[in-house]
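Trainee: Data file data15.cif (mmCIF, C-alpha atoms) is appended below.
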data_protein
loop_
_atom_site.label_atom_id
_atom_site.label_comp_id
_atom_site.auth_asym_id
_atom_site.auth_seq_id
_atom_site.Cartn_x
_atom_site.Cartn_y
_atom_site.Cartn_z
CA MET C 1 94.46 39.17 77.35
CA ILE C 2 94.10 36.74 80.18
CA ALA C 3 93.63 39.51 82.67
CA ARG C 4 90.70 40.93 80.68
CA THR C 5 88.84 37.68 81.02
CA MET C 6 89.18 37.92 84.77
CA SER C 7 87.60 41.33 85.22
CA GLY C 8 86.20 41.67 88.71
CA TRP C 9 88.70 39.33 90.30
CA ILE C 10 91.65 40.57 92.21
CA ALA C 11 94.07 38.19 90.59
CA GLY C 12 94.47 35.22 88.39
CA ILE C 13 97.00 32.45 88.69
CA LEU C 14 98.40 31.11 85.51
CA LEU C 15 100.08 27.76 85.48
CA LEU C 16 102.14 26.69 82.52
CA ALA C 17 103.45 23.20 82.22
CA GLY C 18 104.46 20.70 79.64
CA ALA C 19 103.12 17.21 80.07
CA GLY C 20 105.15 15.07 82.42
CA LEU C 21 107.08 17.91 84.00
CA PHE C 22 107.01 17.45 87.71
CA GLN C 23 110.36 18.77 88.83
CA GLU C 24 111.08 19.48 92.45
CA GLY C 25 113.01 22.49 93.67
CA CYS C 26 116.40 22.25 95.34
CA ALA C 27 117.13 22.70 99.01
CA THR C 28 118.70 26.02 99.87
CA MET C 29 122.44 25.61 100.13
CA GLY C 30 124.39 26.71 103.18
CA GLU C 31 121.56 26.62 105.71
CA LYS C 32 122.34 24.72 108.86
CA PRO C 33 119.37 22.49 109.68
CA LYS C 34 117.77 23.00 113.06
CA PRO C 35 117.50 20.01 115.40
CA ALA C 36 114.45 18.11 114.23
CA LEU C 37 113.31 16.73 117.56
CA VAL C 38 113.42 18.22 121.04
CA ALA C 39 112.52 16.06 124.04
CA THR C 40 109.81 17.34 126.37
CA ASP C 41 109.42 16.49 130.06
CA LYS C 42 106.30 14.47 129.21
CA GLY C 43 108.09 11.61 127.47
CA THR C 44 107.24 13.02 124.08
CA VAL C 45 109.17 15.07 121.53
CA ALA C 46 108.44 18.36 119.83
CA TYR C 47 109.10 18.69 116.12
CA GLU C 48 110.14 22.19 115.04
CA ASP C 49 107.87 23.70 117.72
CA LYS C 50 104.93 22.66 115.56
CA TYR C 51 103.96 19.16 116.69
CA GLU C 52 104.33 17.00 119.76
CA PHE C 53 104.15 13.20 119.78
CA LYS C 54 105.61 9.94 121.00
CA ALA C 55 108.57 9.21 118.76
CA PRO C 56 109.77 5.69 117.99
CA ILE C 57 113.09 4.88 119.62
CA GLY C 58 116.02 4.09 117.35
CA TRP C 59 114.36 5.13 114.09
CA LYS C 60 115.92 7.56 111.63
CA VAL C 61 114.13 10.86 111.14
CA LEU C 62 112.97 11.70 107.64
CA ARG C 63 112.68 15.39 106.85
CA GLU C 64 111.24 16.81 103.69
CA VAL C 65 113.37 19.73 102.53
CA SER C 66 112.08 20.50 99.07
CA GLY C 67 108.32 20.14 99.26
CA GLY C 68 107.03 16.74 98.37
CA ASP C 69 105.09 13.78 99.59
CA PHE C 70 105.33 14.36 103.33
CA GLU C 71 106.49 16.83 105.97
CA PHE C 72 108.44 14.47 108.19
CA GLY C 73 108.55 10.90 109.31
CA PHE C 74 110.62 7.99 110.54
CA LEU C 75 112.48 5.13 108.92
CA LYS C 76 113.71 1.84 110.29
CA PHE C 77 115.81 -0.72 108.46
CA GLU C 78 115.04 -4.19 109.79
CA LYS C 79 116.73 -7.57 109.74
CA GLY C 80 116.28 -9.68 106.65
CA ASP C 81 116.70 -9.51 102.92
CA PHE C 82 115.86 -6.41 100.94
CA PRO C 83 113.38 -4.84 101.23
CA SER C 84 113.04 -5.11 105.01
CA GLN C 85 112.15 -1.67 106.25
CA THR C 86 109.31 0.43 107.58
CA THR C 87 108.60 4.12 107.15
CA PHE C 88 105.89 6.27 108.60
CA VAL C 89 105.17 9.88 107.84
CA TYR C 90 102.96 12.84 108.57
CA ASP C 91 101.68 14.34 105.33
CA PRO C 92 99.49 17.46 105.64
CA GLU C 93 98.70 17.36 101.92
CA PRO C 94 97.64 13.82 101.00
CA PHE C 95 96.98 13.18 97.32
CA GLY C 96 93.56 14.19 96.05
CA SER C 97 91.56 17.31 96.67
CA SER C 98 88.11 16.45 97.98
CA GLN C 99 87.23 17.82 101.40
CA ASP C 100 84.92 14.85 101.91
CA LEU C 101 86.66 11.97 103.68
CA ASP C 102 85.12 9.10 101.71
CA THR C 103 85.75 10.76 98.36
CA ARG C 104 89.27 11.71 99.37
CA ALA C 105 89.99 8.12 100.40
CA LYS C 106 88.96 6.95 96.92
CA GLN C 107 91.12 9.62 95.28
CA TYR C 108 94.05 8.81 97.54
CA CYS C 109 93.99 5.12 96.77
CA THR C 110 94.26 5.72 93.01
CA ARG C 111 97.89 6.80 93.47
CA PHE C 112 99.00 5.03 96.62
CA LEU C 113 102.38 3.32 96.06
CA TRP C 114 101.80 3.74 92.33
CA ASN C 115 105.48 4.28 91.54
CA SER C 116 106.49 1.08 93.30
CA GLY C 117 104.72 -1.38 91.05
CA ILE C 118 102.79 -2.61 94.08
CA LEU C 119 99.10 -3.10 93.47
CA ALA C 120 97.83 -1.99 96.85
CA GLU C 121 94.42 -3.37 97.75
CA VAL C 122 92.22 -1.91 100.46
CA LYS C 123 91.71 -4.77 102.93
CA GLU C 124 89.73 -2.75 105.44
CA GLN C 125 88.30 0.73 105.73
CA ASP C 126 86.98 2.09 109.02
CA GLN C 127 85.37 5.35 110.08
CA VAL C 128 87.19 6.43 113.25
CA GLN C 129 87.79 9.47 115.44
CA LEU C 130 91.26 10.88 115.95
CA TRP C 131 91.66 13.45 118.73
CA GLY C 132 87.96 14.24 118.31
CA HIS C 133 88.20 14.71 114.54
CA PRO C 134 86.45 12.43 112.04
CA ALA C 135 88.87 10.18 110.20
CA ILE C 136 89.15 7.18 107.92
CA MET C 137 91.59 4.39 108.59
CA LEU C 138 92.65 2.34 105.57
CA HIS C 139 94.46 -0.99 105.71
CA LEU C 140 96.21 -1.77 102.45
CA GLU C 141 98.36 -4.62 101.23
CA GLY C 142 99.95 -5.43 97.92
CA GLU C 143 102.64 -7.37 96.13
CA ASN C 144 105.06 -6.97 93.28
CA PRO C 145 106.03 -10.53 92.33
CA ASN C 146 108.41 -9.26 89.65
CA ARG C 147 110.56 -7.66 92.33
CA ASN C 148 109.82 -10.27 94.99
CA GLU C 149 108.49 -7.68 97.40
CA LYS C 150 105.30 -6.86 99.21
CA ALA C 151 104.02 -3.97 101.29
CA LYS C 152 101.52 -3.43 104.06
CA SER C 153 100.21 0.02 104.94
CA VAL C 154 97.91 1.80 107.32
CA VAL C 155 96.67 5.24 106.34
CA TYR C 156 94.79 7.71 108.49
CA LEU C 157 92.98 10.47 106.62
CA VAL C 158 91.85 13.03 109.19
CA LYS C 159 89.41 15.88 108.65
CA LYS C 160 90.88 18.91 110.42
CA GLY C 161 88.82 22.02 109.77
CA ASP C 162 88.36 22.44 106.03
CA ARG C 163 91.33 20.29 105.13
CA ILE C 164 92.33 16.64 105.24
CA ILE C 165 95.70 15.59 106.64
CA SER C 166 97.24 12.14 106.76
CA PHE C 167 99.47 9.72 108.59
CA VAL C 168 100.88 6.78 106.66
CA ILE C 169 102.95 3.72 107.56
CA THR C 170 104.31 1.31 104.98
CA GLN C 171 106.25 -1.82 105.76
CA TRP C 172 108.23 -3.57 103.03
CA ARG C 173 109.17 -7.22 103.05
CA PRO C 174 110.35 -9.91 100.62
CA MET C 175 107.41 -11.98 99.43
CA ASN C 176 108.17 -14.98 101.65
CA VAL C 177 108.65 -13.04 104.92
CA THR C 178 105.86 -12.18 107.32
CA PHE C 179 105.10 -8.61 108.34
CA ALA C 180 106.22 -7.46 111.79
CA PRO C 181 103.55 -5.96 114.08
CA GLU C 182 105.81 -3.82 116.31
CA PRO C 183 106.36 -0.93 113.88
CA PHE C 184 102.60 -0.64 113.43
CA GLU C 185 102.21 -0.38 117.21
CA GLN C 186 104.81 2.41 117.28
CA PHE C 187 103.01 4.15 114.46
CA GLU C 188 99.75 3.90 116.37
CA ALA C 189 101.37 5.46 119.46
CA PHE C 190 102.77 8.24 117.27
CA VAL C 191 99.40 9.00 115.69
CA GLN C 192 97.32 8.77 118.86
CA SER C 193 99.71 11.04 120.76
CA PHE C 194 100.07 13.60 117.94
CA LYS C 195 99.30 17.19 118.97
CA PHE C 196 99.46 20.45 117.08
CA LEU C 197 101.41 23.00 119.10
CA LYS C 198 100.27 25.89 116.97
CA LYS C 199 97.85 26.66 114.18
CA THR C 200 98.74 25.35 110.76
CA PHE C 201 99.52 27.68 107.88
CA TYR C 202 96.09 27.02 106.40
CA GLU C 203 94.25 27.65 109.66
CA GLU C 204 96.06 30.97 109.99
CA MET C 205 95.33 31.79 106.36
CA GLU C 206 91.63 31.08 106.83
CA GLU C 207 91.57 33.38 109.85
CA LYS C 208 93.34 36.18 107.98
CA ILE C 209 90.90 35.90 105.09
CA LYS C 210 87.94 35.93 107.46
CA LYS C 211 89.33 39.00 109.21
CA LEU C 212 89.96 40.74 105.88
CA LYS C 213 86.41 40.12 104.79
CA GLY C 214 85.14 41.51 108.09
CA MET S 1 97.78 20.55 90.05
CA ASP S 2 95.89 18.68 92.76
CA GLY S 3 97.47 21.14 95.19
CA HIS S 4 95.75 24.01 93.41
CA GLN S 5 92.51 22.06 93.44
CA ARG S 6 92.89 21.58 97.23
CA ASN S 7 93.30 25.34 97.60
CA LEU S 8 90.47 26.42 95.28
CA TYR S 9 88.23 27.42 98.19
CA LEU S 10 90.97 29.72 99.48
CA TYR S 11 91.65 31.19 96.03
CA GLU S 12 87.97 31.93 95.66
CA ALA S 13 87.88 33.56 99.10
CA LEU S 14 90.79 35.71 97.92
CA ASN S 15 88.98 36.58 94.67
CA ALA S 16 91.53 34.75 92.57
CA ARG S 17 90.99 32.26 89.78
CA VAL S 18 93.28 29.57 88.42
CA LEU S 19 93.98 28.70 84.80
CA GLY S 20 96.28 25.90 83.72
CA VAL S 21 97.99 26.17 80.33
CA SER S 22 99.51 23.25 78.48
CA MET S 23 100.88 22.51 75.02
CA ASP S 24 98.89 19.29 75.00
CA ASP S 25 95.76 19.00 72.90
CA VAL S 26 92.28 19.45 74.31
CA THR S 27 91.54 15.73 74.59
CA THR S 28 94.76 15.03 76.49
CA ASN S 29 94.06 17.94 78.84
CA LYS S 30 90.53 16.71 79.39
CA TYR S 31 91.73 13.31 80.56
CA PHE S 32 94.52 14.88 82.59
CA ALA S 33 92.01 17.11 84.38
CA GLN S 34 89.69 14.17 84.99
CA SER S 35 92.51 12.08 86.43
CA LEU S 36 93.13 14.76 89.06
CA TRP S 37 89.48 15.84 89.53
CA LEU S 38 90.41 19.38 88.52
CA GLU S 39 87.56 21.88 88.49
CA PHE S 40 89.47 24.80 87.01
CA PRO S 41 90.12 25.30 83.28
CA ILE S 42 93.16 23.80 81.57
CA LEU S 43 93.84 25.67 78.34
CA SER S 44 95.29 23.92 75.33
CA ASN S 45 97.91 26.16 73.73
CA THR S 46 99.53 23.99 71.10
CA LEU S 47 100.84 26.89 69.00
CA PRO S 48 102.21 27.98 71.73
CA TRP S 49 101.92 31.76 72.02
CA MET S 50 101.03 31.83 75.71
CA GLY S 51 104.14 29.93 76.70
CA LYS S 52 106.23 32.34 74.67
CA ALA S 53 104.46 35.37 76.12
CA TYR S 54 105.00 34.21 79.68
CA GLY S 55 108.52 32.89 79.17
CA ALA S 56 107.72 29.24 79.80
CA TYR S 57 108.27 27.95 76.27
CA SER S 58 111.44 26.06 75.40
CA ASP S 59 112.66 24.61 72.10
CA LYS S 60 116.29 24.21 73.04
CA PRO S 61 118.15 21.37 74.80
CA PRO S 62 117.73 19.73 77.19
CA PHE S 63 114.69 18.22 75.53
CA LEU S 64 112.20 16.02 77.33
CA LYS S 65 113.10 12.36 77.84
CA ASP S 66 110.38 11.26 75.43
CA GLY S 67 112.03 13.25 72.64
CA THR S 68 109.68 16.23 72.79
CA THR S 69 111.59 19.25 71.50
CA GLN S 70 109.03 21.98 72.21
CA TRP S 71 107.57 22.24 75.67
CA PHE S 72 106.50 24.48 78.55
CA GLY S 73 108.54 24.52 81.74
CA ARG S 74 106.54 24.61 84.95
CA ARG S 75 105.89 28.24 85.72
CA THR S 76 103.43 29.94 88.03
CA VAL S 77 102.35 33.47 87.10
CA ILE S 78 100.07 35.69 89.15
CA ILE S 79 98.36 38.52 87.30
CA ASP S 80 96.58 41.26 89.20
CA LYS S 81 93.26 42.87 88.37
CA LYS S 82 94.93 45.47 86.17
CA GLY S 83 96.59 42.79 84.07
CA ILE S 84 100.01 43.34 85.57
CA VAL S 85 102.19 40.29 86.16
CA ARG S 86 103.05 40.43 89.84
CA TYR S 87 104.61 37.03 90.53
CA ILE S 88 106.62 34.52 88.51
CA ARG S 89 108.10 31.33 89.89
CA ASP S 90 109.46 28.26 88.12
CA ASP S 91 109.31 24.58 89.05
CA SER S 92 106.84 23.09 91.51
CA PRO S 93 104.44 25.68 92.91
CA ASN S 94 104.98 26.88 96.45
CA PHE S 95 101.37 26.89 97.57
CA GLN S 96 101.92 28.69 100.84
CA GLU S 97 103.90 31.43 99.10
CA ILE S 98 101.17 31.75 96.46
CA LEU S 99 98.42 32.07 99.07
CA THR S 100 100.45 34.58 101.07
CA PHE S 101 100.99 36.62 97.91
CA LEU S 102 97.30 36.51 97.00
CA LEU S 103 96.40 37.64 100.50
CA LYS S 104 98.80 40.55 100.08
CA LEU S 105 97.15 41.47 96.78
CA GLU S 106 93.69 41.31 98.32
CA GLU S 107 94.83 43.50 101.22
CA GLU S 108 96.36 45.90 98.72
CA PHE S 109 93.12 45.93 96.73
CA LYS S 110 91.07 46.64 99.83
CA GLY S 111 93.53 49.30 100.96
CA LYS S 112 94.42 47.50 104.19
#
Is it possible to give me this structure as structure tokens?
Mentor:
Amino acid sequence: MIARTMSGWIAGILLLAGAGLFQEGCATMGEKPKPALVATDKGTVAYEDKYEFKAPIGWKVLREVSGGDFEFGFLKFEKGDFPSQTTFVYDPEPFGSSQDLDTRAKQYCTRFLWNSGILAEVKEQDQVQLWGHPAIMLHLEGENPNRNEKAKSVVYLVKKGDRIISFVITQWRPMNVTFAPEPFEQFEAFVQSFKFLKKTFYEEMEEKIKKLKG
Amino acid sequence: MDGHQRNLYLYEALNARVLGVSMDDVTTNKYFAQSLWLEFPILSNTLPWMGKAYGAYSDKPPFLKDGTTQWFGRRTVIIDKKGIVRYIRDDSPNFQEILTFLLKLEEEFKGK
């Protein structure tokens, strides 16, 4: 019956879901993970032959294995009481769906850190260029007094072709401890040096569709 | 769901359309769609014959944490132009796999 309503279309996608069901799949068992980072002779590293960038020294690598909030990133535990840590990630699918940067930034901020209980407030929003692409840089800060913690973040939303990708750093500290600037500097070096070594899945898909349509 | 919304322009280029189906009532679905800026239809199927037809309906344990005893599991179904189910996957949608499959269907349709 559904198919009849879609006459003239090649296919329909049907999504069935109960409210609140957002389960993630499991990582495939038995697969030996490939080395995440390979050093280049330019003082940078290559990640899975897909990206090249300046990596922070001494940080743990975060790899997404089941499809989720980011593709990869870095984590550093720092001196001090919990929570004293910083993470930064590359996320090719930031929350929201608008292809317009300003609208996407508004959509993105409605869910940013929403599971943490932190009420993140946009302190600054700048229109910038990243590797020649238009981008928005957001500075956010927030607190959760009930858990005696606070967070400071910088988010880059970058318009790359028809899609928007993102880079995000979040630093966590107890309420009475000041934020450290160094991790943000390392994040900045990571973002500014970031290069795509090959076309993304979506860029390839767009090309295949264009070719198919002649 | 916002992932499907991000990919709508590609689905349209591949002559595909998206429908969401939920056991929630129309009002709940309306607010859900608004909260994610969804531009494709979300069908309310409270009875729930569609979930049964497509194998997504469950009324056996484990029940949902909120005590709900009848619910739809997350399932993605792709139906081709002839009404034939060509793809079924459970849990979170694999968007790249879905797009690759739709491209294959479009190529098949165009005889390429």
Trainee: List the residues selected by the PyMOL selection byres ((chain S) within 7 of (chain C)) in the file shown, writing them as a ChimeraX atom specification.
Mentor: /S:2,5-6,15-24,51,56,71-81,83,91-92,106
Trainee: So that I can see what lies close to Thr40 of chain C, please list as a list in words the residues with an atom at most 12 Å from it, counting all atoms listed in the file and leaving out residues fewer than 6 positions away in the same chain.
Mentor: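 So the residues in contact are Ala46, Tyr47, Asp49, Tyr51, Glu52, Phe53, Lys54 and Ala55 of chain C.
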Trainee: Rank C:Phe190, C:Trp59, C:Trp172, C:Tyr156 by their smallest atom-to-atom distance to Met137 of chain C, using only C-alpha atoms, and report the top residue only.
Mentor: C:Tyr156
Trainee: What does the structure give for the distance between atom CA of Glu124 of chain C and atom CA of Leu140 of chain C, in Å to one decimal?
Mentor: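 Going from atom CA of Glu124 of chain C over to atom CA of Leu140 of chain C covers 7.2 Å.
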Trainee: What is the atom CA of Pro83 of chain C to atom CA of Glu71 of chain C distance in Å?
Mentor: 23.2 Å
Trainee: Any idea what the distance is between atom CA of Ala13 of chain S and atom CA of Met1 of chain S?
Mentor: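 Atom-to-atom, atom CA of Ala13 of chain S and atom CA of Met1 of chain S are spaced 18.7 Å apart.
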Trainee: Which residue is closest to Leu36 of chain S? Choose from C:Leu197, C:His133, C:Tyr108, C:Gln171 and count all atoms listed in the file.
Mentor: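 Checking each of C:Leu197, C:His133, C:Tyr108, C:Gln171 against Leu36 of chain S, counting all atoms listed in the file, the winner is C:Tyr108.
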Trainee: May I have the residues within 10 Å of Gly80 of chain C as a list in words, using all atoms listed in the file and disregarding those fewer than 4 positions away in the same chain?
Mentor: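 Residues near the query, excluding close chain neighbours: Ser84, Gln85, Arg173, Pro174 and Val177 of chain C.
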Trainee: Starting from the shown file, work through the PyMOL selection byres ((chain C and resi 146) around 12) and note down what comes out as number ranges by chain.
Mentor: C: 116-119, 143-145, 147-150, 174-175
Trainee: Assuming the chain letters and numbering stay as they are in my file, what does the PyMOL selection byres ((chain S and resi 46) around 7) actually select? List them as a ChimeraX atom specification.
Mentor: /S:23-25,44-45,47-48
Trainee: May I have the residues within 12 Å of Thr69 of chain S as a list in words, using all atoms listed in the file and disregarding those fewer than 3 positions away in the same chain?
Mentor: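 The residues that qualify are Gly18 of chain C; Met23, Tyr57, Ser58, Asp59, Lys60, Pro61, Pro62, Phe63, Leu64, Lys65, Asp66, Phe72 and Gly73 of chain S.
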